[in-house]
>>> print(open('target_5.pdb').read())   # PDB, C-alpha atoms
ATOM      1  CA  MET V 208      12.532 -12.413  -9.097
ATOM      2  CA  SER V 209      10.091 -10.854  -6.675
ATOM      3  CA  VAL V 210       8.244  -7.711  -7.746
ATOM      4  CA  SER V 211       8.330  -4.683  -5.496
ATOM      5  CA  ARG V 212       5.074  -2.913  -4.767
ATOM      6  CA  THR V 213       6.911   0.199  -3.613
ATOM      7  CA  LYS V 214       8.810   0.703  -6.874
ATOM      8  CA  PHE V 215       7.770   3.028  -9.721
ATOM      9  CA  TYR V 216       6.534   1.251 -12.845
ATOM     10  CA  LEU V 217       5.243   2.428 -16.202
ATOM     11  CA  ASP V 218       1.528   1.660 -16.451
ATOM     12  CA  LYS V 219       1.123   0.477 -20.052
ATOM     13  CA  GLN V 220      -2.460  -0.719 -19.459
ATOM     14  CA  ASN V 221      -3.686   2.834 -18.780
ATOM     15  CA  ALA V 222      -1.129   4.571 -20.984
ATOM     16  CA  LYS V 223      -1.785   7.287 -23.527
ATOM     17  CA  VAL V 224       1.778   7.629 -24.858
ATOM     18  CA  PHE V 225       4.454   5.743 -22.888
ATOM     19  CA  GLY V 226       2.650   5.151 -19.587
ATOM     20  CA  VAL V 227       4.703   7.616 -17.546
ATOM     21  CA  CYS V 228       1.771   9.757 -16.368
ATOM     22  CA  ALA V 229      -0.339   6.644 -15.693
ATOM     23  CA  GLY V 230       2.590   5.213 -13.722
ATOM     24  CA  ILE V 231       2.948   8.406 -11.685
ATOM     25  CA  ALA V 232      -0.804   8.353 -11.034
ATOM     26  CA  ASP V 233      -0.649   4.709  -9.940
ATOM     27  CA  TYR V 234       2.367   5.382  -7.733
ATOM     28  CA  THR V 235       0.867   8.418  -5.990
ATOM     29  CA  GLY V 236      -2.857   7.685  -6.114
ATOM     30  CA  ILE V 237      -3.618  10.912  -8.001
ATOM     31  CA  ASP V 238      -6.094  10.908 -10.889
ATOM     32  CA  PRO V 239      -4.191  10.195 -14.165
ATOM     33  CA  LEU V 240      -5.981  13.043 -15.941
ATOM     34  CA  LEU V 241      -4.631  15.543 -13.409
ATOM     35  CA  VAL V 242      -1.091  14.175 -13.831
ATOM     36  CA  ARG V 243      -1.388  14.438 -17.616
ATOM     37  CA  ILE V 244      -2.697  18.005 -17.438
ATOM     38  CA  GLY V 245       0.058  18.976 -14.999
ATOM     39  CA  THR V 246       2.717  17.447 -17.227
ATOM     40  CA  PHE V 247       1.317  19.217 -20.290
ATOM     41  CA  VAL V 248       1.182  22.604 -18.539
ATOM     42  CA  LEU V 249       4.714  22.225 -17.150
ATOM     43  CA  THR V 250       6.001  21.217 -20.579
ATOM     44  CA  LEU V 251       4.410  24.265 -22.189
ATOM     45  CA  ALA V 252       5.749  26.555 -19.475
ATOM     46  CA  PHE V 253       9.300  25.233 -19.144
ATOM     47  CA  GLY V 254      10.042  22.644 -21.821
ATOM     48  CA  TRP V 255      12.371  20.482 -19.706
ATOM     49  CA  PRO V 256       9.577  18.209 -18.342
ATOM     50  CA  LEU V 257       9.386  16.673 -21.826
ATOM     51  CA  LEU V 258      13.023  15.583 -21.494
ATOM     52  CA  VAL V 259      12.356  14.198 -17.996
ATOM     53  CA  TYR V 260       9.282  12.393 -19.356
ATOM     54  CA  LEU V 261      11.320  10.730 -22.105
ATOM     55  CA  VAL V 262      14.115   9.716 -19.704
ATOM     56  CA  ILE V 263      11.590   8.139 -17.338
ATOM     57  CA  ALA V 264       9.904   6.337 -20.264
ATOM     58  CA  TRP V 265      13.278   4.937 -21.296
ATOM     59  CA  ALA V 266      14.563   4.016 -17.813
ATOM     60  CA  ALA V 267      11.511   2.696 -15.951
ATOM     61  CA  GLU V 268      10.247  -0.869 -16.107
ATOM     62  CA  ASN V 269       6.744  -1.875 -17.155
ATOM     63  CA  LYS V 270       4.267  -2.650 -14.390
ATOM     64  CA  PRO V 271       3.971  -6.425 -13.920
ATOM     65  CA  ALA V 272       0.571  -7.956 -14.573
ATOM     66  CA  GLY V 273      -1.305  -8.772 -11.385
ATOM     67  CA  LEU V 274       0.783  -6.503  -9.159
ATOM     68  CA  TYR V 275      -2.241  -5.770  -6.976
ATOM     69  CA  THR V 276      -4.870  -8.313  -6.033
ATOM     70  CA  SER V 277      -7.664  -5.774  -5.525
ATOM     71  CA  PRO V 278      -8.359  -2.028  -5.605
ATOM     72  CA  GLU V 279      -8.012  -1.997  -1.804
ATOM     73  CA  ASP V 280      -4.562  -3.553  -2.157
ATOM     74  CA  ALA V 281      -3.566  -0.823  -4.617
ATOM     75  CA  LYS V 282      -4.807   1.906  -2.246
ATOM     76  CA  PHE V 283      -2.881   0.328   0.645
ATOM     77  CA  TRP V 284       0.389   0.291  -1.308
ATOM     78  CA  GLN V 285      -0.166   3.869  -2.510
ATOM     79  CA  GLY V 286      -0.483   4.852   1.146
ATOM     80  CA  VAL V 287       2.702   2.982   1.989
ATOM     81  CA  ARG V 288       4.576   4.760  -0.789
ATOM     82  CA  SER V 289       3.254   8.184   0.217
ATOM     83  CA  ASN V 290       4.134   7.850   3.910
ATOM     84  CA  PRO V 291       5.999   4.675   4.925
ATOM     85  CA  ARG V 292       6.479   5.780   8.529
ATOM     86  CA  ARG V 293       2.739   6.218   9.033
ATOM     87  CA  SER V 294       2.102   2.796   7.510
ATOM     88  CA  THR V 295       4.701   1.190   9.747
ATOM     89  CA  ALA V 296       3.177   2.872  12.776
ATOM     90  CA  GLU V 297      -0.280   1.592  11.782
ATOM     91  CA  VAL V 298       1.005  -1.971  11.448
ATOM     92  CA  ARG V 299       2.783  -1.765  14.803
ATOM     93  CA  SER V 300      -0.361  -0.363  16.393
ATOM     94  CA  LYS V 301      -2.441  -3.234  15.004
ATOM     95  CA  PHE V 302       0.062  -5.799  16.268
ATOM     96  CA  ARG V 303       0.075  -4.161  19.714
ATOM     97  CA  ASP V 304      -3.722  -4.294  19.761
ATOM     98  CA  ILE V 305      -3.734  -7.969  18.737
ATOM     99  CA  ASP V 306      -1.073  -8.740  21.345
ATOM    100  CA  ARG V 307      -3.104  -6.970  24.030
ATOM    101  CA  ARG V 308      -6.248  -8.882  23.079
ATOM    102  CA  LEU V 309      -4.403 -12.204  23.142
ATOM    103  CA  ALA V 310      -2.954 -11.367  26.544
ATOM    104  CA  ASP V 311      -6.457 -10.613  27.834
ATOM    105  CA  ILE V 312      -7.757 -13.918  26.476
ATOM    106  CA  GLU V 313      -4.782 -15.786  27.939
ATOM    107  CA  LEU V 314      -5.325 -14.154  31.310
ATOM    108  CA  LEU V 315      -9.003 -15.014  31.235
ATOM    109  CA  TYR V 316      -8.319 -18.584  30.135
ATOM    110  CA  THR V 317      -5.524 -19.296  32.612
ATOM    111  CA  SER V 318      -7.095 -17.583  35.616
ATOM    112  CA  ARG V 319      -8.303 -19.620  38.547
ATOM    113  CA  ASN V 320     -11.894 -18.614  37.935
ATOM    114  CA  LYS V 321     -13.893 -21.666  38.997
ATOM    115  CA  ARG V 322     -17.086 -20.582  37.228
ATOM    116  CA  LEU V 323     -15.236 -20.048  33.955
ATOM    117  CA  SER V 324     -13.436 -23.358  34.327
ATOM    118  CA  ASP V 325     -16.732 -25.163  34.879
ATOM    119  CA  GLU V 326     -18.259 -23.434  31.868
ATOM    120  CA  ILE V 327     -15.305 -24.436  29.636
ATOM    121  CA  ASP V 328     -15.510 -28.017  30.897
ATOM    122  CA  SER V 329     -19.242 -28.117  30.149
ATOM    123  CA  LEU V 330     -18.534 -27.102  26.542
ATOM    124  CA  ARG V 331     -16.172 -30.037  25.974
TER     125      ARG V 331
END
>>> encode(input="target_5.pdb", output="structure tokens")
Amino acid sequence: MSVSRTKFYLDKQNAKVFGVCAGIADYTGIDPLLVRIGTFVLTLAFGWPLLVYLVIAWAAENKPAGLYTSPEDAKFWQGVRSNPRRSTAEVRSKFRDIDRRLADIELLYTSRNKRLSDEIDSLR
């Protein structure tokens, strides 16, 4: 079974109680302390966030070990989860740039430029 990097997981490694707040922090990229404080304040004010917290703790899966290879990888996937359209546009933009560069190289390599051809032959 392949793990999904865009799915919400409980973060038991950084957990204080069940790992829900640490999982939300990992999913969104927000500091876990801020998520915990926000959850505590909402629970004091309304009460129902405690029920939501317990349901999430019961329903969500634990985060697989080694989900991210590096901190940069984690930041990338947090960005993908926060705005997938922007991430897709960035990837398309990078591919267009690579394609343009390859086309420029191909044009330069396949042109009938005698000086370039002589220089390439001299390098062989």
>>> closest_residue(input="target_5.pdb", among="V:Val210, V:Lys270, V:Asp311, V:Leu249", to="Ile231 in chain V", atoms="only C-alpha atoms")
V:Lys270
>>> resolve_selection(input="target_5.pdb", expression="the PyMOL selection byres ((chain V and resi 268) around 12)", output="PDB file with C-alpha atoms, in the coordinates of the input")
ATOM      1  CA  VAL V 210       8.244  -7.711  -7.746  1.00  0.00           C
ATOM      2  CA  SER V 211       8.330  -4.683  -5.496  1.00  0.00           C
ATOM      3  CA  LYS V 214       8.810   0.703  -6.874  1.00  0.00           C
ATOM      4  CA  PHE V 215       7.770   3.028  -9.721  1.00  0.00           C
ATOM      5  CA  TYR V 216       6.534   1.251 -12.845  1.00  0.00           C
ATOM      6  CA  LEU V 217       5.243   2.428 -16.202  1.00  0.00           C
ATOM      7  CA  ASP V 218       1.528   1.660 -16.451  1.00  0.00           C
ATOM      8  CA  LYS V 219       1.123   0.477 -20.052  1.00  0.00           C
ATOM      9  CA  PHE V 225       4.454   5.743 -22.888  1.00  0.00           C
ATOM     10  CA  GLY V 226       2.650   5.151 -19.587  1.00  0.00           C
ATOM     11  CA  VAL V 227       4.703   7.616 -17.546  1.00  0.00           C
ATOM     12  CA  GLY V 230       2.590   5.213 -13.722  1.00  0.00           C
ATOM     13  CA  VAL V 262      14.115   9.716 -19.704  1.00  0.00           C
ATOM     14  CA  ILE V 263      11.590   8.139 -17.338  1.00  0.00           C
ATOM     15  CA  ALA V 264       9.904   6.337 -20.264  1.00  0.00           C
ATOM     16  CA  TRP V 265      13.278   4.937 -21.296  1.00  0.00           C
ATOM     17  CA  ALA V 266      14.563   4.016 -17.813  1.00  0.00           C
ATOM     18  CA  ALA V 267      11.511   2.696 -15.951  1.00  0.00           C
ATOM     19  CA  ASN V 269       6.744  -1.875 -17.155  1.00  0.00           C
ATOM     20  CA  LYS V 270       4.267  -2.650 -14.390  1.00  0.00           C
ATOM     21  CA  PRO V 271       3.971  -6.425 -13.920  1.00  0.00           C
TER      22      PRO V 271
END
>>> residues_around(input="target_5.pdb", residues="Pro256 in chain V", least_positions_apart="3", cutoff="12 Å", atoms="all atoms listed in the file", output="PyMOL selection string")
chain V and resi 227-228+243+245-253+259-263
>>> atom_distance(input="target_5.pdb", atom1="CA of Lys321 in chain V", atom2="CA of Arg303 in chain V")
29.6 Å
>>> residues_near_point(input="target_5.pdb", point="(-5.3, 5.8, -6.7)", cutoff="12 Å", atoms="all atoms listed in the file", output="list of chain:residue names")
V:Ala229, V:Gly230, V:Ile231, V:Ala232, V:Asp233, V:Tyr234, V:Thr235, V:Gly236, V:Ile237, V:Asp238, V:Pro239, V:Leu240, V:Leu241, V:Val242, V:Tyr275, V:Ser277, V:Pro278, V:Glu279, V:Asp280, V:Ala281, V:Lys282, V:Phe283, V:Trp284, V:Gln285, V:Gly286, V:Arg288, V:Ser289
>>> write_last_selection(input="target_5.pdb", atoms="C-alpha atoms", output="PDB file, in the frame of the given file")
ATOM      1  CA  ALA V 229      -0.339   6.644 -15.693  1.00  0.00           C
ATOM      2  CA  GLY V 230       2.590   5.213 -13.722  1.00  0.00           C
ATOM      3  CA  ILE V 231       2.948   8.406 -11.685  1.00  0.00           C
ATOM      4  CA  ALA V 232      -0.804   8.353 -11.034  1.00  0.00           C
ATOM      5  CA  ASP V 233      -0.649   4.709  -9.940  1.00  0.00           C
ATOM      6  CA  TYR V 234       2.367   5.382  -7.733  1.00  0.00           C
ATOM      7  CA  THR V 235       0.867   8.418  -5.990  1.00  0.00           C
ATOM      8  CA  GLY V 236      -2.857   7.685  -6.114  1.00  0.00           C
ATOM      9  CA  ILE V 237      -3.618  10.912  -8.001  1.00  0.00           C
ATOM     10  CA  ASP V 238      -6.094  10.908 -10.889  1.00  0.00           C
ATOM     11  CA  PRO V 239      -4.191  10.195 -14.165  1.00  0.00           C
ATOM     12  CA  LEU V 240      -5.981  13.043 -15.941  1.00  0.00           C
ATOM     13  CA  LEU V 241      -4.631  15.543 -13.409  1.00  0.00           C
ATOM     14  CA  VAL V 242      -1.091  14.175 -13.831  1.00  0.00           C
ATOM     15  CA  TYR V 275      -2.241  -5.770  -6.976  1.00  0.00           C
ATOM     16  CA  SER V 277      -7.664  -5.774  -5.525  1.00  0.00           C
ATOM     17  CA  PRO V 278      -8.359  -2.028  -5.605  1.00  0.00           C
ATOM     18  CA  GLU V 279      -8.012  -1.997  -1.804  1.00  0.00           C
ATOM     19  CA  ASP V 280      -4.562  -3.553  -2.157  1.00  0.00           C
ATOM     20  CA  ALA V 281      -3.566  -0.823  -4.617  1.00  0.00           C
ATOM     21  CA  LYS V 282      -4.807   1.906  -2.246  1.00  0.00           C
ATOM     22  CA  PHE V 283      -2.881   0.328   0.645  1.00  0.00           C
ATOM     23  CA  TRP V 284       0.389   0.291  -1.308  1.00  0.00           C
ATOM     24  CA  GLN V 285      -0.166   3.869  -2.510  1.00  0.00           C
ATOM     25  CA  GLY V 286      -0.483   4.852   1.146  1.00  0.00           C
ATOM     26  CA  ARG V 288       4.576   4.760  -0.789  1.00  0.00           C
ATOM     27  CA  SER V 289       3.254   8.184   0.217  1.00  0.00           C
TER      28      SER V 289
END
